[in-house]
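Engineer: I have a structure I would like to understand better, so I am pasting it below and will then ask my questions one at a time.
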Amino acid sequence: MSSFVRNQWYVAAYGSEIGRGLFARTILGEPLVFYRTAAGEVAALADRCVHRRFPLSESPSRLADDKIICGYHGFTYDRTGTCVSVPGQTRVPRTARVPAYPVVEQDSFVWVWIGDAGLADPALIPRAPWLADPRYTTVSGLEPLRARYLLLVDNLMDLSHETYLHGGYIGTPEVAETPITTEVDEDRGIIYVSRHMDDAACPSFYAKSTGIDGRITRWQDIEYHPPCLYLLHSRIAPVGVLPHEDGTDPDGFHVEVVYAITPETEHSTHDFWAVARDFALEDQGVSDFLAESNRTVVLQDVAALDVLEEVIQREPEGYQELSVNIDTGGLAARRILSRMAGTPVKVAR
Amino acid sequence: MSSFVRNQWYVAAYGSEIGRGLFARTILGEPLVFYRTAAGEVAALADRCVHRRFPLSESPSRLADDKIICGYHGFTYDRTGTCVSVPGQTRVPRTARVPAYPVVEQDSFVWVWIGDAGLADPALIPRAPWLADPRYTTVSGLEPLRARYLLLVDNLMDLSHETYLHGGYIGTPEVAETPITTEVDEDRGIIYVSRHMDDAACPSFYAKSTGIDGRITRWQDIEYHPPCLYLLHSRIAPVGVLPHEDGTDPDGFHVEVVYAITPETEHSTHDFWAVARDFALEDQGVSDFLAESNRTVVLQDVAALDVLEEVIQREPEGYQELSVNIDTGGLAARRILSRMAGTPVKVAR
Amino acid sequence: MSSFVRNQWYVAAYGSEIGRGLFARTILGEPLVFYRTAAGEVAALADRCVHRRFPLSESPSRLADDKIICGYHGFTYDRTGTCVSVPGQTRVPRTARVPAYPVVEQDSFVWVWIGDAGLADPALIPRAPWLADPRYTTVSGLEPLRARYLLLVDNLMDLSHETYLHGGYIGTPEVAETPITTEVDEDRGIIYVSRHMDDAACPSFYAKSTGIDGRITRWQDIEYHPPCLYLLHSRIAPVGVLPHEDGTDPDGFHVEVVYAITPETEHSTHDFWAVARDFALEDQGVSDFLAESNRTVVLQDVAALDVLEEVIQREPEGYQELSVNIDTGGLAARRILSRMAGTPVKVAR
């Protein structure tokens, strides 16, 4: 039984990944081929020739005149997926077409709709506006995760693991010690998890990037838009420095951490991550440090979740997890995802 | 459900591969061990000791006095598969024997009968006489294919793919553009596919080997003897040069391309290929060029078919292929193979 | 259907393998984590955090104050498996515990009880006293075997394979030629297999270590305590040199070969081996030679059994083995193991 949530928008790629060549990526088990047309638009087709199933992204398949020519027998497709030429005959069979996928490019991401194309409404795409906002500087990456996406959702919904898995990078004792508050917007299907530390050690990630030398006020406000988009509004300031009464916050440092959680297969995930900041905008040293540090943290998660996936696949069913207070957000996420999938989604087998 | 056709002769090896050592090869899922006796004959036995199943081909098993001594406990078999010695006792149990396989060496190949040995009639073996004919010079090879044999049958029955997958080597636009004629000899179970191009570009494969400098008449006459032997009679000549009325063809260049398609497992195939020519017989440069070029072409097929095998294994069942005119020969082959197998053979899962 | 025998003691490790760090090993499919407490005792817990199943042995999990702190969210366990701390709250749930395994350190081995801990009686552990006896000098090792444990039992219960698989090391023609005697102590579940050679070639293993230059009397007395402990009492002496009537044997050379056969998974085994001798006690050259030679012999077995495991997994069921006299001990072992497992244990699929 699949844990995939269909009829949803997913981040397929960064816009910068897709150019005038053929680009393959599997999303929710569906193999897709992407390319950018001469006019600059992104096209997405099913990555299998209708004839003998050769991948349209596979060499020597190639792009010519905004059309894909299959590298095996030359079946040729336009950007709508319609086959416009077959070898050895002039008549093209009426049924010769491959599915085209709705695509929207927004906030530096290429979003693709997986499901019934007739239901694809661009207004449903959640926003991460900082990533394409000149008032922010962003570093980003993409790591392959050999684990089911639910393990990454679990991981991100509870940041107390920062203290243990990411000690020395972004974790300090206060993260695990400070209770969280969790809210669920049932109508919009959004989950909020907040942890406000009034007096905490400053981890190296923030000390080196902000220059703060001492203890801090540290706010972590998670906003998860299932299934794909995860936002962590992170606010850092010296202890006692708070936003003004009018809501402005000139003395706080703001980092918008964005994850796109896109299932590749039932057992692997595209782990997109971005870190946007509103300070030291032109400082390449800070950019390099944050990129390197955050990638290290992501890879610590990847290593741990890859291990968990192996554990789940190898071991007998019927395992009972033990959940505690810190898991409230993760359990809410599973509940919402189950509702969206129309079936219980389970981390266990 | 197996797609194997049993009670048939298959090419197991080139004769040159089998000497006075133990040689293992799996055919239709059956592990076999071959060796050449002191008298020069090829013997073939099941490659599993009757005692504890140790492979008779596996070191430290060894050949002594035309008998195989198992490397685990010393059970010893003669070329008929009869066990003639066991350790620790003088009496050899009556049931101690492994199956011996009928073998015929012909046309440079070692043919083995897979099925009921009582039905093995050497007269049923199809011929490829050019490979051992001094009027021809032959280059040959064997590539491991990680794909089911039906994908190779499909590939070879329609040569329009030469234009796309082998462009620059043996493909030119005319191959894909020229219609084919297909005939099936239902009684003998042979399929003929012909494509005659009257005025075509000369691909490098033929330009460099024949010295023809200009456009050509190019005939491709396929003759498939399911399941194992595939012949491509290829005739090349300058445009307008035709065979004489008496059937002789002194001004044409003839290449006999031979494939033996031997299933190894349900998902892998021994891809034997040979190219015999009736010109430049002594020219080592032409031999080297044709060997290198044809191997490159075979490896292009292998790469594409390995990808297709992965696609088929990974993806859901129920896929519908779309067939067009060029597939007539391949579809006929599947039909004949299904009849021979006594069950539908399917490329799809 | 598992071939594992539960409610038994198994060798988990050499005592020397377990120190003040976390040490993972899977026994009978159960992942365990071991460590040595500050007081020097060995503790063994299930290697999965009760929270989200992270392996307690996996970095950055760590040992602190004789307790394991899980590297994912900091759940902390004492040596009884009781969770004593969880993140984000002071109350520890009553059900937060992982199983602890009974452990006994004896004869240089760490024995662990797999099954119902209430039944673990240390008196049931079979002995291999030579390994920790100052009157013997021991070399030992552990090789990973990618084969089911029954294949190793089969291998060790019949030493006639020494002649073929280990020729030049420990095998000579006389081993395979000399009949065996087999006895089964049904009450205690112990199998004895003896082969006494009165006049045999001396293999290099014994010639180089004992200095004997000529033919020998060679006794091999196997004593298998299913499922885990295998003893081979090996006595070597020049031809005609026998033990005295009073049972003393000052002119014989005695080697106690000990194997612990511990299933890791259904298809892999921990192959512990040790060679204890009562001669040349201080001679490091002899120790080095015996360690190197015996490891080579064990690796010859490992290579052969790894091949057999692949054969068994790959090939169709329903294979019939052919057993002869030399297999009497191995067949008795299977029968006893089946009785202990409460189900037939089969080497075939």
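Just remember, in the structure tokens the first chain shown is A, the second B, etc., residues are 1-based per chain, and ligands are 1-based in the order shown.
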Determine which residues of chain B sit within 10 Å of chain C, taking into account only C-alpha atoms, and present them as a count of residues only.
Structural biologist: 33
Engineer: Determine which residues of stretch 129-348 of chain A receive a DSSP assignment of strand (DSSP E), computed from the backbone, and state them as a ChimeraX atom specification.
Structural biologist: /A:137-145,181-185,190-200,216-225,229-238,253-265,268-277
Engineer: Counting only C-alpha atoms, which residue out of C:Pro129, C:Pro122, C:Gly40, C:Gly15 sits closest to C:Pro102?
Structural biologist: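 With only C-alpha atoms as the atom set, the closest residue is C:Pro122.
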Engineer: C:Leu242: which residues within 10 Å, counting only C-alpha atoms, same-chain residues fewer than 5 positions away excluded, as an MDAnalysis selection string?
Structural biologist: chainID C and resid 198 217 235:237 247:252
Engineer: For C:Asp133, which residue among C:Ala44, C:Leu281, C:Leu119, C:Val286 is the nearest when counting only C-alpha atoms?
Structural biologist: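 Of all the options, C:Leu281 lies closest to C:Asp133.
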Engineer: May I have the residues within 7 Å of C:Tyr77 as a list of chain:residue names, using only C-alpha atoms and disregarding those fewer than 6 positions away in the same chain?
Structural biologist: C:Lys67, C:Ile68, C:Ile69, C:Cys83, C:Val84
Engineer: Do you know which residues are at most 10 Å from A:Asp121 counting only C-alpha atoms, after dropping those on the same chain fewer than 2 positions away, and could you put them as a tab-separated table (two decimals) with N, CA, C and O atoms, in the first residue's frame?
Structural biologist:
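To be explicit, this is the file written out as selection.tsv:
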```tsv
chain	number	residue	atom	x	y	z
A	8	GLN	N	-1.20	16.40	-5.99
A	8	GLN	CA	-0.51	17.45	-5.24
A	8	GLN	C	0.63	18.00	-6.09
A	8	GLN	O	1.12	17.34	-6.99
A	9	TRP	N	1.04	19.21	-5.73
A	9	TRP	CA	2.24	19.80	-6.32
A	9	TRP	C	3.48	19.35	-5.55
A	9	TRP	O	3.45	19.31	-4.32
A	102	PRO	N	1.64	19.03	-15.70
A	102	PRO	CA	1.59	20.46	-15.41
A	102	PRO	C	2.82	20.89	-14.60
A	102	PRO	O	3.23	20.19	-13.67
A	104	VAL	N	4.92	24.45	-12.91
A	104	VAL	CA	4.96	25.88	-12.57
A	104	VAL	C	6.34	26.18	-12.00
A	104	VAL	O	6.84	25.42	-11.16
A	113	TRP	N	2.87	18.79	-10.97
A	113	TRP	CA	1.64	18.22	-10.42
A	113	TRP	C	1.62	16.73	-10.70
A	113	TRP	O	1.72	16.29	-11.85
A	117	ALA	N	-4.21	15.64	-14.14
A	117	ALA	CA	-3.77	16.96	-14.62
A	117	ALA	C	-4.91	17.98	-14.62
A	117	ALA	O	-4.68	19.19	-14.48
A	118	GLY	N	-6.13	17.49	-14.74
A	118	GLY	CA	-7.27	18.41	-14.78
A	118	GLY	C	-7.50	19.11	-13.45
A	118	GLY	O	-8.20	20.14	-13.39
A	119	LEU	N	-6.92	18.61	-12.39
A	119	LEU	CA	-7.11	19.20	-11.06
A	119	LEU	C	-5.98	20.15	-10.68
A	119	LEU	O	-6.00	20.74	-9.60
A	123	ALA	N	-2.72	27.92	-7.93
A	123	ALA	CA	-2.96	28.67	-6.69
A	123	ALA	C	-2.76	27.79	-5.45
A	123	ALA	O	-2.64	28.30	-4.34
A	124	LEU	N	-2.73	26.47	-5.65
A	124	LEU	CA	-2.55	25.57	-4.50
A	124	LEU	C	-1.10	25.44	-4.07
A	124	LEU	O	-0.82	24.87	-3.02
A	125	ILE	N	-0.19	25.96	-4.89
A	125	ILE	CA	1.23	25.78	-4.57
A	125	ILE	C	1.60	26.65	-3.37
A	125	ILE	O	1.42	27.87	-3.41
```
Engineer: What's the 12 Å shell around C:Leu152, counting only C-alpha atoms, without same-chain residues fewer than 6 positions away, as a PDB file with C-alpha atoms, in the first residue's frame?
Structural biologist:
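In the end it all went to part-v8.pdb:
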```
ATOM      1  CA  GLU C 143      35.367 -14.852   9.611  1.00  0.00           C
ATOM      2  CA  PRO C 144      32.095 -13.583   8.205  1.00  0.00           C
ATOM      3  CA  LEU C 145      30.335 -16.329   6.285  1.00  0.00           C
ATOM      4  CA  ARG C 146      27.675 -15.396   3.727  1.00  0.00           C
ATOM      5  CA  ASP C 158      32.523 -34.458   7.703  1.00  0.00           C
ATOM      6  CA  LEU C 159      36.236 -33.875   7.435  1.00  0.00           C
ATOM      7  CA  PRO C 227      23.727 -25.637  17.971  1.00  0.00           C
ATOM      8  CA  CYS C 228      26.821 -23.533  18.598  1.00  0.00           C
ATOM      9  CA  LEU C 229      29.914 -25.339  19.829  1.00  0.00           C
ATOM     10  CA  TYR C 230      32.053 -27.681  17.722  1.00  0.00           C
ATOM     11  CA  TYR C 259      34.483 -23.562  16.241  1.00  0.00           C
ATOM     12  CA  ALA C 260      31.565 -21.486  17.436  1.00  0.00           C
ATOM     13  CA  ILE C 261      28.830 -21.502  14.812  1.00  0.00           C
ATOM     14  CA  THR C 262      26.598 -18.519  15.452  1.00  0.00           C
ATOM     15  CA  PRO C 263      23.855 -17.688  12.960  1.00  0.00           C
ATOM     16  CA  HIS C 267      21.749 -16.532   5.239  1.00  0.00           C
ATOM     17  CA  SER C 268      24.894 -15.557   7.117  1.00  0.00           C
ATOM     18  CA  THR C 269      26.953 -16.866   9.997  1.00  0.00           C
ATOM     19  CA  HIS C 270      29.640 -15.753  12.422  1.00  0.00           C
ATOM     20  CA  ASP C 271      32.377 -18.339  11.963  1.00  0.00           C
ATOM     21  CA  PHE C 272      34.538 -18.253  15.133  1.00  0.00           C
ATOM     22  CA  TRP C 273      37.587 -20.512  15.067  1.00  0.00           C
ATOM     23  CA  VAL C 298      38.687 -21.410   7.142  1.00  0.00           C
ATOM     24  CA  LEU C 299      38.625 -19.020   4.191  1.00  0.00           C
ATOM     25  CA  GLN C 300      38.664 -21.976   1.789  1.00  0.00           C
ATOM     26  CA  ASP C 301      35.555 -23.244   3.551  1.00  0.00           C
ATOM     27  CA  VAL C 302      34.021 -19.765   3.530  1.00  0.00           C
ATOM     28  CA  ALA C 303      34.573 -19.438  -0.225  1.00  0.00           C
ATOM     29  CA  ALA C 304      33.003 -22.828  -0.911  1.00  0.00           C
ATOM     30  CA  LEU C 305      30.039 -22.292   1.411  1.00  0.00           C
ATOM     31  CA  ASP C 306      29.391 -18.797   0.072  1.00  0.00           C
ATOM     32  CA  LEU C 308      26.764 -23.075  -2.051  1.00  0.00           C
ATOM     33  CA  GLU C 309      24.554 -20.464  -0.407  1.00  0.00           C
ATOM     34  CA  GLY C 330      26.016 -34.313   9.381  1.00  0.00           C
ATOM     35  CA  ALA C 333      23.334 -33.072  13.402  1.00  0.00           C
ATOM     36  CA  ARG C 334      20.414 -32.005  11.231  1.00  0.00           C
ATOM     37  CA  VAL C 347      19.835 -27.099   3.984  1.00  0.00           C
TER      38      VAL C 347
END
```
Engineer: Name all residues at most 6 Å from stretch 200-203 of chain B (count only C-alpha atoms; drop same-chain ones fewer than 6 positions away) and give them as a count of residues only.
Structural biologist: 4
Engineer: Do you have the atom CA of A:Met340-atom CA of A:Val5 distance handy?
Structural biologist: 6.1 Å
